[in-house]
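**Q** Here's a structure for you.
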Amino acid sequence: MSIINQNRAPEQVSLPGFEGRYDEAAAMAVGFEAYAADQDPAPLFAGLPDDACQCQHWGYVVRGRMTFRYSDGTEETAHAGEAYYARPGHTPLLLAGTEVVEFSPADQLAATMEVVTRNLAAAGTTS
């Protein structure tokens, strides 16, 4: 059995209005994310197909709510106390005070984060 603890997750990302802690087990990335400010990170996915996240995610909204906007024009919103599945081809929209625990295939997430990190650097934002 693998246990991932939010407070001991080895990878930490801190950006304005966002804190994330990440670890990996069984080829899945586990993220503990907290949003202190409203976030519309859609521009960070520029360069991916449809300029959208191509990684699938399963998660649980601990507090707040998040919306997934899909390339086909549909939207889905998950609220506190709800689990979600986000299919490829989405961009998230998060409100201040939202906290989620998210599970993603590590290889898909790494490919997405390569583009996101490049876009963050181009924007002059660092983690």
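Going by the structure tokens order, chains are called A, B, ..., each with residues numbered from 1, while ligands are numbered from 1 in the order shown.
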Any chance you could tabulate, as a tab-separated table, the residues of segment 50-102 of chain A at most 6 Å from segment 28-33 of chain A with each one's nearest atom pair and distance in Å to one decimal, using only C-alpha atoms, in chain and rising number order?

**A**
```
residue	atom	partner	partner_atom	distance
A:Glu99	CA	A:Glu33	CA	5.6
A:Val100	CA	A:Glu33	CA	5.4
A:Val101	CA	A:Phe32	CA	4.7
A:Glu102	CA	A:Gly31	CA	5.0
```

**Q** Using only C-alpha atoms, determine which residues lie at most 8 Å from segment 45-47 of chain A, disregarding the query and same-chain residues fewer than 4 positions distant; provide the list as a PyMOL selection string.

**A** chain A and resi 41+51-53+91+112+115-116+119

**Q** Residues as selected, C-alpha atoms, written as an mmCIF file, in the first residue's frame, can you do that?

**A**
```
data_model
loop_
_atom_site.group_PDB
_atom_site.id
_atom_site.type_symbol
_atom_site.label_atom_id
_atom_site.label_comp_id
_atom_site.auth_asym_id
_atom_site.auth_seq_id
_atom_site.Cartn_x
_atom_site.Cartn_y
_atom_site.Cartn_z
ATOM 1 C CA PRO A 41 -5.492 29.335 -16.075
ATOM 2 C CA ASP A 51 -5.300 24.966 -26.237
ATOM 3 C CA ALA A 52 -6.777 22.726 -23.542
ATOM 4 C CA CYS A 53 -5.518 20.263 -20.940
ATOM 5 C CA THR A 91 -9.625 24.159 -19.030
ATOM 6 C CA THR A 112 0.745 18.832 -19.895
ATOM 7 C CA VAL A 115 3.685 23.148 -21.720
ATOM 8 C CA VAL A 116 2.182 24.903 -18.680
ATOM 9 C CA ASN A 119 3.911 29.264 -20.607
#
```

**Q** Which residue gives the smallest distance to Glu114 of chain A among A:Trp58, A:Leu48, A:Pro88, A:Ala37, with only C-alpha atoms counted?

**A**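 For Glu114 of chain A, the nearest of the candidates is A:Leu48.
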
**Q** Going by DSSP on the backbone, which bits of chain A are alpha helix (DSSP H)? Write them as a ChimeraX atom specification, please.

**A** /A:106-122

**Q** Selection from above, C-alpha atoms, as an mmCIF file, in the first residue's frame, can you write it?

**A**
```
data_model
loop_
_atom_site.group_PDB
_atom_site.id
_atom_site.type_symbol
_atom_site.label_atom_id
_atom_site.label_comp_id
_atom_site.auth_asym_id
_atom_site.auth_seq_id
_atom_site.Cartn_x
_atom_site.Cartn_y
_atom_site.Cartn_z
ATOM 1 C CA ALA A 106 1.549 10.795 -14.149
ATOM 2 C CA ASP A 107 2.740 10.580 -17.769
ATOM 3 C CA GLN A 108 -0.221 12.592 -19.098
ATOM 4 C CA LEU A 109 0.194 15.194 -16.382
ATOM 5 C CA ALA A 110 3.949 15.513 -17.034
ATOM 6 C CA ALA A 111 3.333 16.168 -20.750
ATOM 7 C CA THR A 112 0.745 18.832 -19.895
ATOM 8 C CA MET A 113 2.892 20.450 -17.209
ATOM 9 C CA GLU A 114 5.805 20.754 -19.633
ATOM 10 C CA VAL A 115 3.685 23.148 -21.720
ATOM 11 C CA VAL A 116 2.182 24.903 -18.680
ATOM 12 C CA THR A 117 5.641 25.473 -17.178
ATOM 13 C CA ARG A 118 6.911 26.902 -20.468
ATOM 14 C CA ASN A 119 3.911 29.264 -20.607
ATOM 15 C CA LEU A 120 4.451 30.314 -16.981
ATOM 16 C CA ALA A 121 8.086 31.114 -17.738
ATOM 17 C CA ALA A 122 7.109 33.120 -20.838
#
```

**Q** In Å, how far is it from atom CA of Glu76 of chain A to atom CA of Ala25 of chain A?

**A**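 Atom-to-atom, atom CA of Glu76 of chain A to atom CA of Ala25 of chain A, that is 27.6 Å.
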
**Q** Return as a VMD selection string the full set of residues in chain A whose backbone-based DSSP assignment is strand (DSSP E or B).

**A** chain A and resid 11 to 15 18 to 25 28 to 35 39 46 48 53 57 to 63 65 to 70 75 to 79 83 to 86 90 to 94 98 to 105

**Q** Quick one: residues within 8 Å of Gly17 of chain A, only C-alpha atoms, excluding same-chain residues fewer than 4 positions away - as a ChimeraX atom specification?

**A** /A:35-39,96

**Q** Would you export the selected residues with N, CA and C atoms as a JSON list (two decimals), in the first residue's frame, please?

**A**
```json
[["chain", "number", "residue", "atom", "x", "y", "z"],
["A", 35, "TYR", "N", -6.66, 27.17, -3.63],
["A", 35, "TYR", "CA", -6.73, 28.41, -4.41],
["A", 35, "TYR", "C", -7.18, 29.55, -3.49],
["A", 36, "ALA", "N", -6.29, 30.52, -3.28],
["A", 36, "ALA", "CA", -6.60, 31.66, -2.43],
["A", 36, "ALA", "C", -7.18, 32.82, -3.24],
["A", 37, "ALA", "N", -7.12, 32.70, -4.56],
["A", 37, "ALA", "CA", -7.67, 33.73, -5.44],
["A", 37, "ALA", "C", -8.36, 33.04, -6.61],
["A", 38, "ASP", "N", -9.34, 33.71, -7.22],
["A", 38, "ASP", "CA", -9.97, 33.16, -8.41],
["A", 38, "ASP", "C", -8.89, 32.89, -9.45],
["A", 39, "GLN", "N", -9.03, 31.77, -10.15],
["A", 39, "GLN", "CA", -8.04, 31.37, -11.14],
["A", 39, "GLN", "C", -8.72, 30.96, -12.44],
["A", 96, "ALA", "N", -11.71, 31.44, -5.47],
["A", 96, "ALA", "CA", -10.96, 31.60, -4.23],
["A", 96, "ALA", "C", -11.61, 30.77, -3.13]]
```

**Q** Using only C-alpha atoms, pick whichever of A:Ala27, A:Asp40, A:Tyr22, A:Ser104 has the shortest atom-to-atom distance to Gln54 of chain A.

**A** A:Ser104

**Q** Between A:Arg21, A:Arg69, A:His57, A:Arg8, which has the minimum distance to Tyr85 of chain A (counting only C-alpha atoms)?

**A**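 Among A:Arg21, A:Arg69, A:His57, A:Arg8, it is A:His57 that comes nearest to Tyr85 of chain A.
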
**Q** Can you tell me how far atom CA of Ala86 of chain A sits from atom CA of Gly59 of chain A, in Å to one decimal?

**A**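 Pair atom CA of Ala86 of chain A / atom CA of Gly59 of chain A returns 8.4 Å.
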
**Q** Quick one: residues within 9 Å of Gln12 of chain A, only C-alpha atoms, excluding same-chain residues fewer than 2 positions away - as JSON, numbers by chain?

**A** {"A": [9, 10, 14, 19, 20, 21, 22, 127]}

**Q** So that I have them on file, write out the residues from the current selection with N, CA, C and O atoms, as a PDB file, in the first residue's frame.

**A**
```pdb
ATOM      1  N   ALA A   9       4.282  15.695   0.945  1.00  0.00           N
ATOM      2  CA  ALA A   9       4.428  15.566  -0.510  1.00  0.00           C
ATOM      3  C   ALA A   9       5.710  16.273  -0.950  1.00  0.00           C
ATOM      4  O   ALA A   9       5.951  17.425  -0.569  1.00  0.00           O
ATOM      5  N   PRO A  10       6.558  15.604  -1.735  1.00  0.00           N
ATOM      6  CA  PRO A  10       7.873  16.154  -2.042  1.00  0.00           C
ATOM      7  C   PRO A  10       7.886  17.337  -3.017  1.00  0.00           C
ATOM      8  O   PRO A  10       8.790  18.151  -2.980  1.00  0.00           O
ATOM      9  N   SER A  14       4.176  27.004  -5.536  1.00  0.00           N
ATOM     10  CA  SER A  14       3.552  28.176  -4.936  1.00  0.00           C
ATOM     11  C   SER A  14       3.556  29.301  -5.961  1.00  0.00           C
ATOM     12  O   SER A  14       4.616  29.725  -6.420  1.00  0.00           O
ATOM     13  N   GLU A  19      -1.512  27.224  -4.116  1.00  0.00           N
ATOM     14  CA  GLU A  19      -0.542  26.355  -3.455  1.00  0.00           C
ATOM     15  C   GLU A  19      -0.860  24.922  -3.848  1.00  0.00           C
ATOM     16  O   GLU A  19      -2.027  24.489  -3.777  1.00  0.00           O
ATOM     17  N   GLY A  20       0.144  24.183  -4.283  1.00  0.00           N
ATOM     18  CA  GLY A  20      -0.052  22.779  -4.641  1.00  0.00           C
ATOM     19  C   GLY A  20       1.047  21.918  -4.060  1.00  0.00           C
ATOM     20  O   GLY A  20       2.198  22.345  -3.969  1.00  0.00           O
ATOM     21  N   ARG A  21       0.680  20.718  -3.658  1.00  0.00           N
ATOM     22  CA  ARG A  21       1.636  19.729  -3.161  1.00  0.00           C
ATOM     23  C   ARG A  21       1.349  18.434  -3.903  1.00  0.00           C
ATOM     24  O   ARG A  21       0.189  18.033  -4.018  1.00  0.00           O
ATOM     25  N   TYR A  22       2.424  17.779  -4.372  1.00  0.00           N
ATOM     26  CA  TYR A  22       2.263  16.643  -5.273  1.00  0.00           C
ATOM     27  C   TYR A  22       3.178  15.488  -4.907  1.00  0.00           C
ATOM     28  O   TYR A  22       4.298  15.678  -4.443  1.00  0.00           O
ATOM     29  N   SER A 127       7.539  29.224 -10.064  1.00  0.00           N
ATOM     30  CA  SER A 127       6.978  28.447  -8.944  1.00  0.00           C
ATOM     31  C   SER A 127       7.982  28.287  -7.842  1.00  0.00           C
ATOM     32  O   SER A 127       9.147  28.473  -8.005  1.00  0.00           O
TER      33      SER A 127
END
```

**Q** Can you measure atom CA of Ala80 of chain A to atom CA of Val62 of chain A for me? One decimal in Å is fine.

**A**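 Result for atom CA of Ala80 of chain A versus atom CA of Val62 of chain A: 5.2 Å, one decimal.
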